[in-house]
Amino acid sequence: MHTEAGDTVTNELLQGLALPQAHISPKFLYDELGSSLFTAITLLDEYYPTRCENEIFSRHAAEIAAHAGVAQVLVDLGAGDCAKAERLLPYLNPPQYAPVDISIEYLRSAVKRIAGRYPELDIVGVGMDFFHDLALPADIHTDQRVFFYPGSSIGNLAPDDAAALLHRIRRQSEGGAIIIGVDLVKPRDILEPAYDDAVGVTAAFNLNLLRHVNRIVRTDFDLSQWQHVAYFNEARSRIEMHLRARTDVTLTWPGGQRRFAAGERIHTEDSYKYRPQAFKAMLARAGFGQVRYWTDAREWFAVFCARA
């Protein structure tokens with residue numbers, strides 16, 4: 001298992017908390033508990049993306065894999081429990097599989113499970129934050145890489161940052177392809193419950209972020225003082241998730257503190273929604289060609305495949 005150094009993590013978190021609009025990157029949602037909570041979210045009635053994406057792959061996996069072409073390695077970005085990539089392995093049949101995720105312990109468990117099911121597959125697990133860097137280890141095949149980025153996670157990035165990530169993927173996939181899930185624009189009454197479910201699993205997922213930050217930088221967040229907030233920002237075509245202070249809060253950590261007034265928010269996640277032609281154009285600008293996409297029956301979600 002390859003892992004990246006965490007020397008800059010503390011600075012990143014504290015700088016985000018010090019901003020006038022406090023911000024914590026959504027990558028910190030995915031510690032071991034957060035990853036498990038997200039898996040639970042995908043089972044909720046309100047959370048349509050996983051069901052829609054599953055529908056697409058159940059109908060079109062062979063066609064998508066054929067369009068991707070020969071794969072020497074399947075690079076699975078944000079692999080999580082590796083279940084989504086596992087559906088593609090029989091169709092792509094790569095000799096090597098490289099799951100990449102920031103939640104190292106969760107990934108370690110998933111790699112062990114995949115190795116048990118596919119003993120002949122060369123698996124190279126990579127624990128890293130690939131949002132800003134995509135320096136894959138040297139023992140991952142460099143030719144005919146197929147990058148797999150499902151679940152609409154590309155939507156967590158602002159469009160300029162998403163375009164930059166696609167450019168980085170393109171530079172590392174010569175002769176290969178990208179397969180990527182993209183959530184599409186749809187009415188508010190469908191979008192908002194998917195990020196603020198009646199059971200409260202998404203709220204627990206968001207609040208667990210504070211628990212994770214406490215562990216990393218020794219802040220003293222009290223989860224009972226914060227409330228999950230999610231809404232669709234139509235002007236920016238994105239769902240926004242925040243944590244709102246229920247009361248005045250003074251947050252402390254070794255060597256510093258910050259006061260939050262009641263009602264003040266920490267911005268924790270965005271999820272941008274795209275129109276198919278706009279995302280197709282973004283892939284083309286990143287240097288990908290032969291762009292195709294498939295949707296579920298309601299056209300709520302799309303899976304794109306493009307050649308490098």
# chains A, B, ... in the order shown; residues from 1 in each chain; ligands from 1

call {"tool": "select_by_dssp", "arguments": {"residues": "segment 65-248 of chain A", "states": "helix (DSSP H, G or I)", "output": "ChimeraX atom specification"}}
result
/A:65-68,83-92,104-117,153-156,159-171,188-194,201-217,223-225,234-236

call {"tool": "residues_around", "arguments": {"residues": "Ala261 of chain A", "least_positions_apart": "3", "cutoff": "9 Å", "atoms": "only C-alpha atoms", "output": "ChimeraX atom specification"}}
result
/A:245-250,264-265

call {"tool": "write_last_selection", "arguments": {"atoms": "all heavy atoms", "output": "PDB file, in the first residue's frame"}}
result
ATOM      1  N   ALA A 245     -23.331  26.865  13.184  1.00  0.00           N
ATOM      2  CA  ALA A 245     -23.242  26.934  14.644  1.00  0.00           C
ATOM      3  C   ALA A 245     -24.627  27.174  15.241  1.00  0.00           C
ATOM      4  O   ALA A 245     -25.333  28.105  14.851  1.00  0.00           O
ATOM      5  CB  ALA A 245     -22.284  28.048  15.059  1.00  0.00           C
ATOM      6  N   ARG A 246     -25.021  26.326  16.185  1.00  0.00           N
ATOM      7  CA  ARG A 246     -26.320  26.474  16.846  1.00  0.00           C
ATOM      8  C   ARG A 246     -26.300  27.610  17.871  1.00  0.00           C
ATOM      9  O   ARG A 246     -27.347  28.154  18.225  1.00  0.00           O
ATOM     10  CB  ARG A 246     -26.693  25.166  17.560  1.00  0.00           C
ATOM     11  CG  ARG A 246     -26.925  23.979  16.637  1.00  0.00           C
ATOM     12  CD  ARG A 246     -27.210  22.738  17.459  1.00  0.00           C
ATOM     13  NE  ARG A 246     -27.413  21.543  16.656  1.00  0.00           N
ATOM     14  CZ  ARG A 246     -28.578  21.137  16.162  1.00  0.00           C
ATOM     15  NH1 ARG A 246     -29.667  21.866  16.395  1.00  0.00           N
ATOM     16  NH2 ARG A 246     -28.678  20.034  15.452  1.00  0.00           N
ATOM     17  N   THR A 247     -25.109  27.938  18.347  1.00  0.00           N
ATOM     18  CA  THR A 247     -24.939  28.962  19.380  1.00  0.00           C
ATOM     19  C   THR A 247     -23.576  29.600  19.184  1.00  0.00           C
ATOM     20  O   THR A 247     -22.814  29.175  18.315  1.00  0.00           O
ATOM     21  CB  THR A 247     -25.036  28.328  20.792  1.00  0.00           C
ATOM     22  OG1 THR A 247     -24.981  29.352  21.770  1.00  0.00           O
ATOM     23  CG2 THR A 247     -23.918  27.318  21.026  1.00  0.00           C
ATOM     24  N   ASP A 248     -23.245  30.621  19.918  1.00  0.00           N
ATOM     25  CA  ASP A 248     -21.894  31.164  19.856  1.00  0.00           C
ATOM     26  C   ASP A 248     -20.897  30.090  20.290  1.00  0.00           C
ATOM     27  O   ASP A 248     -21.104  29.410  21.309  1.00  0.00           O
ATOM     28  CB  ASP A 248     -21.750  32.378  20.778  1.00  0.00           C
ATOM     29  CG  ASP A 248     -22.563  33.582  20.303  1.00  0.00           C
ATOM     30  OD1 ASP A 248     -23.054  33.549  19.154  1.00  0.00           O
ATOM     31  OD2 ASP A 248     -22.696  34.553  21.068  1.00  0.00           O
ATOM     32  N   VAL A 249     -19.844  29.941  19.523  1.00  0.00           N
ATOM     33  CA  VAL A 249     -18.858  28.887  19.774  1.00  0.00           C
ATOM     34  C   VAL A 249     -17.460  29.496  19.718  1.00  0.00           C
ATOM     35  O   VAL A 249     -17.145  30.243  18.786  1.00  0.00           O
ATOM     36  CB  VAL A 249     -18.959  27.762  18.721  1.00  0.00           C
ATOM     37  CG1 VAL A 249     -17.838  26.739  18.919  1.00  0.00           C
ATOM     38  CG2 VAL A 249     -20.318  27.083  18.767  1.00  0.00           C
ATOM     39  N   THR A 250     -16.625  29.177  20.695  1.00  0.00           N
ATOM     40  CA  THR A 250     -15.205  29.505  20.615  1.00  0.00           C
ATOM     41  C   THR A 250     -14.439  28.206  20.416  1.00  0.00           C
ATOM     42  O   THR A 250     -14.391  27.350  21.306  1.00  0.00           O
ATOM     43  CB  THR A 250     -14.708  30.234  21.875  1.00  0.00           C
ATOM     44  OG1 THR A 250     -15.433  31.467  22.016  1.00  0.00           O
ATOM     45  CG2 THR A 250     -13.218  30.545  21.759  1.00  0.00           C
ATOM     46  N   GLU A 264     -23.333  31.180  12.147  1.00  0.00           N
ATOM     47  CA  GLU A 264     -22.195  31.207  11.226  1.00  0.00           C
ATOM     48  C   GLU A 264     -21.921  29.792  10.722  1.00  0.00           C
ATOM     49  O   GLU A 264     -22.135  28.807  11.434  1.00  0.00           O
ATOM     50  CB  GLU A 264     -20.977  31.785  11.922  1.00  0.00           C
ATOM     51  CG  GLU A 264     -19.852  32.186  10.990  1.00  0.00           C
ATOM     52  CD  GLU A 264     -18.747  32.955  11.689  1.00  0.00           C
ATOM     53  OE1 GLU A 264     -18.908  33.300  12.881  1.00  0.00           O
ATOM     54  OE2 GLU A 264     -17.725  33.215  11.037  1.00  0.00           O
ATOM     55  N   ARG A 265     -21.418  29.701   9.505  1.00  0.00           N
ATOM     56  CA  ARG A 265     -21.294  28.400   8.858  1.00  0.00           C
ATOM     57  C   ARG A 265     -19.854  28.060   8.487  1.00  0.00           C
ATOM     58  O   ARG A 265     -19.055  28.937   8.214  1.00  0.00           O
ATOM     59  CB  ARG A 265     -22.140  28.360   7.579  1.00  0.00           C
ATOM     60  CG  ARG A 265     -23.627  28.555   7.815  1.00  0.00           C
ATOM     61  CD  ARG A 265     -24.386  28.558   6.508  1.00  0.00           C
ATOM     62  NE  ARG A 265     -25.814  28.738   6.722  1.00  0.00           N
ATOM     63  CZ  ARG A 265     -26.715  28.709   5.745  1.00  0.00           C
ATOM     64  NH1 ARG A 265     -26.334  28.526   4.495  1.00  0.00           N
ATOM     65  NH2 ARG A 265     -27.999  28.872   6.031  1.00  0.00           N
TER      66      ARG A 265
END

call {"tool": "residues_around", "arguments": {"residues": "Tyr47 of chain A", "least_positions_apart": "2", "cutoff": "9 Å", "atoms": "only C-alpha atoms", "output": "JSON, numbers by chain"}}
result
{"A": [41, 42, 43, 44, 45, 49, 50, 51, 191, 193, 194, 195, 197]}

call {"tool": "write_last_selection", "arguments": {"atoms": "N, CA, C and O atoms", "output": "PDB file, in the first residue's frame"}}
result
ATOM      1  N   ILE A  41     -25.294   6.090   3.053  1.00  0.00           N
ATOM      2  CA  ILE A  41     -26.042   7.103   2.303  1.00  0.00           C
ATOM      3  C   ILE A  41     -26.477   6.554   0.953  1.00  0.00           C
ATOM      4  O   ILE A  41     -27.604   6.807   0.492  1.00  0.00           O
ATOM      5  N   THR A  42     -25.607   5.793   0.306  1.00  0.00           N
ATOM      6  CA  THR A  42     -25.929   5.286  -1.033  1.00  0.00           C
ATOM      7  C   THR A  42     -27.112   4.317  -1.019  1.00  0.00           C
ATOM      8  O   THR A  42     -27.678   4.022  -2.079  1.00  0.00           O
ATOM      9  N   LEU A  43     -27.492   3.844   0.167  1.00  0.00           N
ATOM     10  CA  LEU A  43     -28.634   2.926   0.286  1.00  0.00           C
ATOM     11  C   LEU A  43     -29.944   3.645   0.573  1.00  0.00           C
ATOM     12  O   LEU A  43     -31.008   3.015   0.562  1.00  0.00           O
ATOM     13  N   LEU A  44     -29.882   4.948   0.820  1.00  0.00           N
ATOM     14  CA  LEU A  44     -31.083   5.695   1.186  1.00  0.00           C
ATOM     15  C   LEU A  44     -32.018   5.893   0.000  1.00  0.00           C
ATOM     16  O   LEU A  44     -31.572   6.017  -1.149  1.00  0.00           O
ATOM     17  N   ASP A  45     -33.317   5.956   0.287  1.00  0.00           N
ATOM     18  CA  ASP A  45     -34.302   6.195  -0.772  1.00  0.00           C
ATOM     19  C   ASP A  45     -34.023   7.509  -1.504  1.00  0.00           C
ATOM     20  O   ASP A  45     -34.181   7.604  -2.722  1.00  0.00           O
ATOM     21  N   PRO A  49     -28.107   9.053  -6.945  1.00  0.00           N
ATOM     22  CA  PRO A  49     -26.970   8.876  -7.860  1.00  0.00           C
ATOM     23  C   PRO A  49     -26.468   7.443  -7.977  1.00  0.00           C
ATOM     24  O   PRO A  49     -26.180   6.964  -9.083  1.00  0.00           O
ATOM     25  N   THR A  50     -26.351   6.734  -6.845  1.00  0.00           N
ATOM     26  CA  THR A  50     -25.813   5.376  -6.901  1.00  0.00           C
ATOM     27  C   THR A  50     -26.741   4.451  -7.673  1.00  0.00           C
ATOM     28  O   THR A  50     -26.299   3.651  -8.500  1.00  0.00           O
ATOM     29  N   ARG A  51     -28.050   4.558  -7.426  1.00  0.00           N
ATOM     30  CA  ARG A  51     -28.997   3.708  -8.152  1.00  0.00           C
ATOM     31  C   ARG A  51     -28.963   4.008  -9.648  1.00  0.00           C
ATOM     32  O   ARG A  51     -29.008   3.096 -10.483  1.00  0.00           O
ATOM     33  N   LEU A 191     -33.049  17.082  -5.853  1.00  0.00           N
ATOM     34  CA  LEU A 191     -31.659  17.269  -5.431  1.00  0.00           C
ATOM     35  C   LEU A 191     -31.514  17.408  -3.910  1.00  0.00           C
ATOM     36  O   LEU A 191     -30.677  16.731  -3.297  1.00  0.00           O
ATOM     37  N   PRO A 193     -33.297  16.616  -1.087  1.00  0.00           N
ATOM     38  CA  PRO A 193     -33.418  15.481  -0.169  1.00  0.00           C
ATOM     39  C   PRO A 193     -32.272  14.474  -0.267  1.00  0.00           C
ATOM     40  O   PRO A 193     -31.979  13.773   0.707  1.00  0.00           O
ATOM     41  N   ALA A 194     -31.624  14.422  -1.431  1.00  0.00           N
ATOM     42  CA  ALA A 194     -30.495  13.502  -1.586  1.00  0.00           C
ATOM     43  C   ALA A 194     -29.326  13.884  -0.693  1.00  0.00           C
ATOM     44  O   ALA A 194     -28.457  13.051  -0.394  1.00  0.00           O
ATOM     45  N   TYR A 195     -29.286  15.148  -0.250  1.00  0.00           N
ATOM     46  CA  TYR A 195     -28.195  15.632   0.596  1.00  0.00           C
ATOM     47  C   TYR A 195     -28.679  16.038   1.985  1.00  0.00           C
ATOM     48  O   TYR A 195     -27.902  16.585   2.771  1.00  0.00           O
ATOM     49  N   ASP A 197     -31.290  13.831   4.033  1.00  0.00           N
ATOM     50  CA  ASP A 197     -32.277  12.754   4.095  1.00  0.00           C
ATOM     51  C   ASP A 197     -33.049  12.783   5.414  1.00  0.00           C
ATOM     52  O   ASP A 197     -32.599  13.339   6.423  1.00  0.00           O
TER      53      ASP A 197
END

call {"tool": "closest_residue", "arguments": {"among": "A:Tyr91, A:Phe147, A:Tyr106, A:Phe38", "to": "Val73 of chain A", "atoms": "only C-alpha atoms"}}
result
A:Phe147

call {"tool": "closest_atom_pairs", "arguments": {"of": "segment 50-153 of chain A", "to": "segment 159-162 of chain A", "cutoff": "12 Å", "atoms": "only C-alpha atoms", "output": "Markdown table"}}
result
| residue | atom | partner | partner_atom | distance |
| --- | --- | --- | --- | --- |
| A:Phe130 | CA | A:Ala162 | CA | 11.6 |
| A:Phe131 | CA | A:Asp161 | CA | 8.4 |
| A:His132 | CA | A:Asp161 | CA | 8.7 |
| A:Asp133 | CA | A:Asp161 | CA | 11.7 |
| A:Tyr149 | CA | A:Ala162 | CA | 11.9 |
| A:Ser152 | CA | A:Ala162 | CA | 11.3 |
| A:Ser153 | CA | A:Ala162 | CA | 9.8 |

call {"tool": "write_last_selection", "arguments": {"atoms": "N, CA and C atoms", "output": "PDB file, in the first residue's frame"}}
result
ATOM      1  N   PHE A 130      -5.819  13.049  -4.398  1.00  0.00           N
ATOM      2  CA  PHE A 130      -5.511  13.271  -5.811  1.00  0.00           C
ATOM      3  C   PHE A 130      -6.162  14.534  -6.368  1.00  0.00           C
ATOM      4  N   PHE A 131      -6.876  15.290  -5.532  1.00  0.00           N
ATOM      5  CA  PHE A 131      -7.517  16.512  -6.016  1.00  0.00           C
ATOM      6  C   PHE A 131      -6.490  17.506  -6.549  1.00  0.00           C
ATOM      7  N   HIS A 132      -5.341  17.591  -5.867  1.00  0.00           N
ATOM      8  CA  HIS A 132      -4.348  18.591  -6.242  1.00  0.00           C
ATOM      9  C   HIS A 132      -3.081  17.985  -6.821  1.00  0.00           C
ATOM     10  N   ASP A 133      -2.911  16.682  -6.688  1.00  0.00           N
ATOM     11  CA  ASP A 133      -1.716  16.021  -7.194  1.00  0.00           C
ATOM     12  C   ASP A 133      -2.111  14.624  -7.636  1.00  0.00           C
ATOM     13  N   TYR A 149     -13.575   7.155 -12.473  1.00  0.00           N
ATOM     14  CA  TYR A 149     -13.926   8.139 -11.438  1.00  0.00           C
ATOM     15  C   TYR A 149     -15.446   8.207 -11.347  1.00  0.00           C
ATOM     16  N   SER A 152     -20.063  10.657  -9.390  1.00  0.00           N
ATOM     17  CA  SER A 152     -20.201  12.108  -9.526  1.00  0.00           C
ATOM     18  C   SER A 152     -19.291  12.883  -8.582  1.00  0.00           C
ATOM     19  N   SER A 153     -18.201  12.263  -8.116  1.00  0.00           N
ATOM     20  CA  SER A 153     -17.277  12.964  -7.224  1.00  0.00           C
ATOM     21  C   SER A 153     -16.596  14.141  -7.904  1.00  0.00           C
TER      22      SER A 153
END

call {"tool": "closest_residue", "arguments": {"among": "A:Ala98, A:Ile266, A:Val146, A:Leu107", "to": "Tyr30 of chain A", "atoms": "only C-alpha atoms"}}
result
A:Leu107

call {"tool": "closest_residue", "arguments": {"among": "A:Ala284, A:Leu134, A:Ala278, A:Ile114", "to": "Asp101 of chain A", "atoms": "only C-alpha atoms"}}
result
A:Leu134

call {"tool": "residues_around", "arguments": {"residues": "Val185 of chain A", "least_positions_apart": "6", "cutoff": "8 Å", "atoms": "only C-alpha atoms", "output": "list in words"}}
result
Ser237, Lys273, Tyr274, Arg275 and Trp300 of chain A
